[in-house]
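Worksheet for the structure shown next.
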Amino acid sequence: MTSFPPPSTSEPTEVNPAKREEQAKALCLRLLTARARTRAELAGQLSKRGYPDDVSTRVLDRLATAGLIDDADFAAQWVRSRRERAGKGRKVLAAELRTKGVDEDVIAGALAGIDAGAERGRAEQLVQSKLRRETLGEDDLRVTRRLVAMLARRGYSPSLAYDVVSAELAAERERRRV
């Protein structure tokens, strides 16, 4: 069994600052290759790996100048994607963007394109897709509760959720009667 001597304490453990900055940049580029990220997410990853704040700031500023980090663009893409694929409402989308470190004014700008009509339309689509699989009968209260809860989990307001479920439930009963 080979044993290695402990590292010498006389050797300098300081890493060249330029090299450290390049390592931080490489880490950020690797992370951005997987998916778009916010400035705060990248700063958190750099901090977690022990990069000093001044190195992180310089690297993130360079990436932002190059157009690789844009929180406004990230927020707009996030909102569009999560609304289309998961049917998320404004409240949940805002909360998700906050956890990603996006500023409140950027969040407001990203959510500005969602008006009340679009919000209601998406909620109606979600309810319609779920109602087709439900069996309606004497226990419509159970179906109503489940659908309202589904919309609430996705960030729709309780009043909107109840209005949409009531209207769609009545329309589905009428459709099945014919």
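By convention here, the chains of the structure tokens are called A, B, ... in the order presented, each chain's residues are numbered starting at 1, and ligands are numbered starting at 1 in the order presented.
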(request) Write out as JSON, numbers by chain each polymer residue whose atoms come within 7 Å of Gly101 (chain A), counting only C-alpha atoms; drop sequence neighbours fewer than 6 positions from it. (result) {"A": [38, 40, 41]}
(request) May I have the residues within 9 Å of Leu32 (chain A) as a list in words, using only C-alpha atoms and disregarding those fewer than 5 positions away in the same chain? (result)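 Near neighbours after the sequence-gap exclusion: Leu27, Arg37, Leu42, Leu68 and Ile69 of chain A.
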Write the selection just made, keeping C-alpha atoms, as a compact mmCIF listing (two decimals), in the first residue's frame?
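The result, written out as selection.txt:
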# COMPACT_ATOMS: atom_id res chain seq x y z
CA LEU A 27 -18.79 26.92 -14.27
CA ARG A 37 -30.61 30.74 -15.28
CA LEU A 42 -25.56 31.70 -10.85
CA LEU A 68 -25.90 35.35 -21.68
CA ILE A 69 -27.66 36.45 -18.49
(message) So that I can check the surroundings of Val106 (chain A), please list as a list of chain:residue names every protein, DNA and RNA residue that reaches within 9 Å of it, counting only C-alpha atoms and ignoring chain neighbours fewer than 2 positions away.
(response)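 Near Val106 (chain A), the qualifying residues are A:Asp71, A:Ala72, A:Ala75, A:Ala76, A:Val102, A:Asp103, A:Glu104, A:Ala108, A:Gly109, A:Ala110, A:Leu111.
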(message) Calculated over only C-alpha atoms, which of the candidates A:Val55, A:Ala152, A:Ala66, A:Ala95 has the smallest distance to Asn16 (chain A)?
(response)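 Nearest to Asn16 (chain A): A:Val55.
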(request) Write out as a PyMOL selection string the residues lying within 8 Å of Val164 (chain A), counting only C-alpha atoms and excluding same-chain residues fewer than 4 positions away. (result) chain A and resi 120+123-124+127+160+168
(message) Restricting the calculation to only C-alpha atoms: of A:Leu131, A:Ile114, A:Ala34, A:Leu147, which residue gets closest to Arg175 (chain A)?
(response)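 Result for the nearest residue to Arg175 (chain A): A:Leu131.
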(message) Using only C-alpha atoms for the distances, tell me which of A:Ile107, A:Val165, A:Tyr51, A:Lys25 is nearest to Ala149 (chain A).
(response)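 Among the listed residues, A:Val165 lies closest to Ala149 (chain A).
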